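Engineer: So that we are looking at the same thing, I have put the structure below in structure tokens.
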Amino acid sequence: MAEDLQVITGSKQEQYEALLPQIEALISGEPDLIANLANVSAALFQQFKWLWVGFYIVRGDELVLGPFQGPIACTRIRKGKGVCGTSWERAETLVVPDVEKFPGHIACSSLSRSEIVVPLIDKGNVWGVLDVDSIELNDFDAVDKKYLELLVTRIVNAAQ
């Protein structure tokens with residue numbers, strides 16, 4: 001049984017730097033991808049108190065809802081649609097300061113104001129995305145991008 005994660009105080013960077021080793025310990029040695037994605041979602045949600053944290057997994061020509069924490073979410077997203085589908089199509093992280101200004105934004109929750117989506121890429125193929133929504137405008141920045149990309153790299157490596 002896993003220990004509770006310690007909630008960290010300090011700057012956003014300090015929080016990530018303390019949280020990433022805790023998450024790595026949580027997923028190391030666990031071969032089940034769904035279990036790991038569920039625990040990563042919970043750890044990020046618990047630490048940062050964002051509106052929604054979760055994963056979508058590529059299934060054919062759609063992203064299908066995976067493990068998450070937060071309100072009910074969109075179940076399927078087509079490639080190139082919304083922030084998640086666009087991140088998948090471009091194979092790049094998208095930081096959206098105001099979701100209302102993102103062309104084609106899919107409003108799974110009317111409470112979402114800003115978003116970051118990080119693709120999970122293995123051998124050049126996107127097989128999923130980490131999606132994080134906040135009720136605050138401009139809640140995500142270069143610090144989030146850096147550390148969430150590091151986290152996603154660790155998830156991809158653990159899944160191999």
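Each chain of the structure tokens is named A, B, ... in the order shown, its residues numbered from 1; ligands are numbered from 1 in display order.
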Chain A: which residues are alpha helix (DSSP H) by DSSP, as a PyMOL selection string?

Structural biologist: chain A and resi 12-27+33-48+82-90+142-158

Engineer: So which residues touch A:Gly10 within 12 Å, counting only C-alpha atoms, skipping near sequence neighbours fewer than 4 positions away, as a ChimeraX atom specification?

Structural biologist: /A:14-19,47-48

Engineer: Print the selection's residues with N, CA, C and O atoms to a file, as a CSV table (one decimal), in the first residue's frame.

Structural biologist:
chain,number,residue,atom,x,y,z
A,14,GLU,N,9.5,24.9,-6.7
A,14,GLU,CA,9.8,24.0,-5.6
A,14,GLU,C,8.8,22.9,-5.3
A,14,GLU,O,9.2,21.8,-5.0
A,15,GLN,N,7.5,23.2,-5.6
A,15,GLN,CA,6.5,22.2,-5.5
A,15,GLN,C,6.8,21.0,-6.5
A,15,GLN,O,6.7,19.9,-6.1
A,16,TYR,N,7.0,21.4,-7.7
A,16,TYR,CA,7.3,20.4,-8.7
A,16,TYR,C,8.5,19.6,-8.4
A,16,TYR,O,8.6,18.4,-8.5
A,17,GLU,N,9.6,20.3,-8.0
A,17,GLU,CA,10.9,19.6,-7.7
A,17,GLU,C,10.7,18.6,-6.5
A,17,GLU,O,11.4,17.6,-6.5
A,18,ALA,N,9.8,18.9,-5.6
A,18,ALA,CA,9.6,18.0,-4.5
A,18,ALA,C,8.6,16.9,-4.8
A,18,ALA,O,8.7,15.8,-4.4
A,19,LEU,N,7.6,17.2,-5.7
A,19,LEU,CA,6.6,16.3,-6.1
A,19,LEU,C,7.1,15.2,-7.1
A,19,LEU,O,6.7,14.0,-6.9
A,47,GLN,N,-1.9,18.1,-5.1
A,47,GLN,CA,-0.9,19.1,-4.8
A,47,GLN,C,-1.3,20.5,-5.3
A,47,GLN,O,-1.2,21.4,-4.6
A,48,PHE,N,-1.8,20.6,-6.5
A,48,PHE,CA,-2.1,21.9,-7.1
A,48,PHE,C,-3.5,22.4,-7.0
A,48,PHE,O,-3.8,23.5,-7.3

Engineer: DSSP on the backbone: which residues in chain A end up as strand (DSSP E or B)? Give the answer as JSON, numbers by chain.

Structural biologist: {"A": [52, 53, 54, 55, 56, 57, 58, 59, 62, 63, 64, 65, 66, 67, 68, 69, 76, 77, 78, 94, 95, 96, 114, 115, 116, 117, 118, 119, 120, 121, 122, 125, 126, 127, 128, 129, 130, 131, 132, 133, 134]}

Engineer: Hey, which of A:Trp52, A:Phe45, A:Phe140, A:Tyr147 ends up closest to A:Ser110? Count only C-alpha atoms.

Structural biologist: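 Of the candidates, the smallest distance to A:Ser110 is held by A:Trp52.
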
Engineer: Have a look at A:Val64, A:Val118, A:Val132, A:Ala35 and name the one nearest to A:Lys146; count only C-alpha atoms.

Structural biologist: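 Going through A:Val64, A:Val118, A:Val132, A:Ala35 one by one, the smallest distance to A:Lys146 is for A:Val118.
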